[in-house]
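Undergrad: Before we start, here is the structure in question, set down as structure tokens.
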Amino acid sequence: MESEFFDCHTHSEFSACAEDVTLQKYTEIARTTPQAFAVTDHSAHICYPPDKRWGFWTDDAAELFERSREQARQCVTQYIEATRRAQCGGMLIGIELDVLPDGRIVFPEGLLGTLDVVLGAIHSMPTLRHERPLEEIEAEFRLQVEALARHGMHVLAHPFRLLLSNQVPVTDELLEWTVRMAGQAGFSLEINSHQQFHEYDLRMVRMALERGIPAAVGTDSHRLAEFGDFSYHVAILREAGLTEQQWQSHLWRPPRPAREAAAG
């Protein structure tokens, strides 16, 4: 593990897609190593009912969320309490925030401000599911990014993963718009190693650094073997032209130091 990196993106058993990562294990890591990191589970997996944990990825996402609002608040409150109890050392508490097609966030009102780190993520797009024209897909992408920015996300997680994994090209114009939006709204862009898109990550980081926008380091750990592995991030940063001595001045760090947050 390389403690100079802050890992902004990890998952625990509260994410349905997680494998062997747990809060208990993160607590052990935080107590015994200098590694600083944030636990950032999927908001949709916490907010949707247990038997509908993947409901956000369907055309019924908005209706299901409306029906489960009260239960969602209870589940999120319990999640925050559980993760705060586990918090120690270099561990921060956050969320990987999902947003509905109309721009509403999948999270109870008034609770985002209680977290240390807010990642925004684009995980589901009806225009993709229904194979709409590229201009409609890009318009929905922009709408979701703008909505997440309005709600104060610190980092846009794996910015182009959903598009690229669905074989949708990321145009130069969309890449430039995303970086420009990050500069205007004050959020960082994540280098994500869980699913790697080297060409686009490198172009994004180079463009961001030219504009003074910090890059965020995220392993997006779904399994313990991923945690602490920063080899992909190191490669991207070096190819982008940064020396090791420059990393700290060009990387995103949380607004509240981990140890301060852990101490309450």
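Chains: A, B, ... in order of the structure tokens. Residues: from 1 per chain. Ligands: from 1, in order shown.
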List as a list in words the protein and nucleic acid residues near region 90-101 of chain A, meaning an atom at most 6 Å away when only C-alpha atoms are counted, but skip any in the same chain fewer than 2 places from it.
TA: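 The residues satisfying every condition are Ala30, Ala36, Phe37, Ala38, Val39, Thr40, Asp41, His42, Ser43, Gln87, Cys88, Gly103, Arg104, Ile105, Val106, Leu115, Asp116, Val117, Val118, Leu119, Gly120, Ala121, Ala258 and Arg259 of chain A.
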Undergrad: Go through region 215-262 of chain A residue by residue and, counting only C-alpha atoms, keep those with an atom at most 12 Å from region 177-194 of chain A; for each kept residue give the shortest atom pair and its distance in Å to one decimal, ordered by chain and increasing number, as CSV.
TA:
residue,atom,partner,partner_atom,distance
A:Ala215,CA,A:Leu189,CA,5.3
A:Ala216,CA,A:Glu190,CA,4.5
A:Val217,CA,A:Ile191,CA,5.3
A:Gly218,CA,A:Asn192,CA,5.0
A:Thr219,CA,A:Ser193,CA,5.1
A:Asp220,CA,A:His194,CA,5.5
A:Ser221,CA,A:His194,CA,6.8
A:His222,CA,A:His194,CA,8.0
A:Arg223,CA,A:His194,CA,9.8
A:Leu224,CA,A:His194,CA,11.8
A:Ala225,CA,A:His194,CA,10.8
A:Glu226,CA,A:His194,CA,7.5
A:Phe227,CA,A:His194,CA,9.9
A:Gly228,CA,A:Ser193,CA,10.7
A:Asp229,CA,A:Ser193,CA,8.5
A:Phe230,CA,A:Ser193,CA,7.8
A:Ser231,CA,A:Ser193,CA,8.6
A:Tyr232,CA,A:Ser193,CA,6.1
A:His233,CA,A:Ile191,CA,6.4
A:Val234,CA,A:Ile191,CA,9.9
A:Ala235,CA,A:Ile191,CA,10.6
A:Ile236,CA,A:Ile191,CA,8.1
A:Leu237,CA,A:Ile191,CA,9.2
A:Ala240,CA,A:Ile191,CA,11.9
A:His250,CA,A:Ser188,CA,10.5
A:Leu251,CA,A:Ser188,CA,8.8
A:Trp252,CA,A:Ser188,CA,6.7
A:Arg253,CA,A:Ser188,CA,9.6
A:Pro254,CA,A:Ser188,CA,10.6
A:Pro255,CA,A:Phe187,CA,11.6
Undergrad: Convert the current residue selection to file output with C-alpha atoms, as a PDB file, in the first residue's frame.
TA:
ATOM      1  CA  ALA A 215      -7.294  13.984 -10.278  1.00  0.00           C
ATOM      2  CA  ALA A 216      -8.786  11.636  -7.700  1.00  0.00           C
ATOM      3  CA  VAL A 217      -7.425   8.168  -7.009  1.00  0.00           C
ATOM      4  CA  GLY A 218      -9.999   5.403  -6.598  1.00  0.00           C
ATOM      5  CA  THR A 219      -9.562   1.642  -6.501  1.00  0.00           C
ATOM      6  CA  ASP A 220     -13.348   1.133  -6.443  1.00  0.00           C
ATOM      7  CA  SER A 221     -12.575  -1.969  -4.417  1.00  0.00           C
ATOM      8  CA  HIS A 222     -15.197  -4.691  -4.678  1.00  0.00           C
ATOM      9  CA  ARG A 223     -12.747  -7.304  -3.399  1.00  0.00           C
ATOM     10  CA  LEU A 224      -9.854  -7.128  -0.956  1.00  0.00           C
ATOM     11  CA  ALA A 225      -7.316  -7.927  -3.659  1.00  0.00           C
ATOM     12  CA  GLU A 226      -8.072  -4.545  -5.260  1.00  0.00           C
ATOM     13  CA  PHE A 227      -7.593  -2.489  -2.109  1.00  0.00           C
ATOM     14  CA  GLY A 228      -4.262  -0.693  -1.913  1.00  0.00           C
ATOM     15  CA  ASP A 229      -3.280  -1.504  -5.498  1.00  0.00           C
ATOM     16  CA  PHE A 230      -2.374   1.849  -7.052  1.00  0.00           C
ATOM     17  CA  SER A 231      -0.296   0.511  -9.962  1.00  0.00           C
ATOM     18  CA  TYR A 232      -2.788   1.707 -12.580  1.00  0.00           C
ATOM     19  CA  HIS A 233      -2.973   5.184 -11.057  1.00  0.00           C
ATOM     20  CA  VAL A 234       0.803   5.436 -10.925  1.00  0.00           C
ATOM     21  CA  ALA A 235       1.028   4.494 -14.597  1.00  0.00           C
ATOM     22  CA  ILE A 236      -1.569   7.091 -15.641  1.00  0.00           C
ATOM     23  CA  LEU A 237       0.017   9.861 -13.583  1.00  0.00           C
ATOM     24  CA  ALA A 240       0.428  12.273 -17.936  1.00  0.00           C
ATOM     25  CA  HIS A 250      -2.098  17.519  -8.276  1.00  0.00           C
ATOM     26  CA  LEU A 251      -4.248  14.920  -6.513  1.00  0.00           C
ATOM     27  CA  TRP A 252      -7.582  15.440  -4.793  1.00  0.00           C
ATOM     28  CA  ARG A 253      -7.707  15.144  -1.023  1.00  0.00           C
ATOM     29  CA  PRO A 254     -10.853  15.191   1.103  1.00  0.00           C
ATOM     30  CA  PRO A 255     -11.909  18.517   2.607  1.00  0.00           C
TER      31      PRO A 255
END
Undergrad: For a quick check of understanding, using only C-alpha atoms, which of A:Ile46, A:Gly152, A:Glu135, A:Ala18 has the smallest distance to Arg73 (chain A)?
TA: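 Closest to Arg73 (chain A) of all the choices is A:Ile46.
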Undergrad: Can you list every residue in region 1-232 of chain A that DSSP puts in strand (DSSP E), as a short mmCIF file (atom, residue, chain, number, x, y, z; two decimals) with C-alpha atoms, in the first residue's frame?
TA:
data_model
loop_
_atom_site.label_atom_id
_atom_site.label_comp_id
_atom_site.auth_asym_id
_atom_site.auth_seq_id
_atom_site.Cartn_x
_atom_site.Cartn_y
_atom_site.Cartn_z
CA PHE A 6 -6.00 8.82 -0.68
CA ASP A 7 -8.33 6.13 -2.01
CA CYS A 8 -11.62 7.94 -2.51
CA HIS A 9 -13.64 4.90 -3.59
CA THR A 10 -14.17 1.57 -1.82
CA ALA A 36 -6.28 6.79 4.11
CA PHE A 37 -9.47 5.91 2.27
CA ALA A 38 -13.23 6.45 2.07
CA VAL A 39 -15.93 3.80 2.26
CA THR A 40 -18.39 4.78 -0.46
CA ASP A 41 -21.21 2.31 -1.02
CA HIS A 42 -23.81 2.66 -3.75
CA MET A 91 -11.08 5.87 7.26
CA LEU A 92 -13.65 8.37 5.98
CA ILE A 93 -17.36 7.78 5.46
CA GLY A 94 -19.00 8.58 2.15
CA ILE A 95 -21.39 7.47 -0.56
CA GLU A 96 -21.36 6.73 -4.26
CA LEU A 97 -24.36 8.82 -5.20
CA VAL A 117 -16.92 12.23 0.92
CA VAL A 118 -19.56 12.35 -1.82
CA LEU A 119 -18.80 10.61 -5.07
CA GLY A 120 -21.18 11.12 -7.96
CA VAL A 155 -15.56 13.55 -7.24
CA LEU A 156 -17.15 12.24 -10.43
CA SER A 188 -12.51 16.23 -9.28
CA LEU A 189 -12.33 13.45 -11.87
CA GLU A 190 -11.50 9.93 -10.80
CA ILE A 191 -8.82 7.62 -12.14
CA ASN A 192 -10.63 4.34 -11.48
CA ALA A 215 -7.29 13.98 -10.28
CA ALA A 216 -8.79 11.64 -7.70
CA VAL A 217 -7.42 8.17 -7.01
CA GLY A 218 -10.00 5.40 -6.60
#
Undergrad: Could you tell me which of A:Val205, A:Leu162, A:Met153, A:Ala147 comes closest to Pro126 (chain A) if we count only C-alpha atoms?
TA: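 Closest to Pro126 (chain A) of all the choices is A:Leu162.
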Undergrad: Enumerate as a PyMOL selection string all residues of region 2-247 of chain A assigned to alpha helix (DSSP H) by DSSP on the backbone, naming them with the chain letters and numbers the document uses.
TA: chain A and resi 23-32+43-47+61-67+69-86+126-129+134-150+161-165+172-185+198-210+231-239+247
Undergrad: Which polymer residues have any atom within 8 Å of an atom of Thr127 (chain A), counting only C-alpha atoms, with same-chain residues fewer than 6 positions away left out, as a tab-separated table (two decimals) with C-alpha atoms, in the first residue's frame?
TA:
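The resulting file, around_33.tsv, is shown below:
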chain	number	residue	atom	x	y	z
A	133	PRO	CA	-29.33	8.12	-30.80
A	136	GLU	CA	-29.80	11.82	-26.75
A	137	ILE	CA	-27.35	9.66	-24.82
A	140	GLU	CA	-28.70	12.53	-20.62
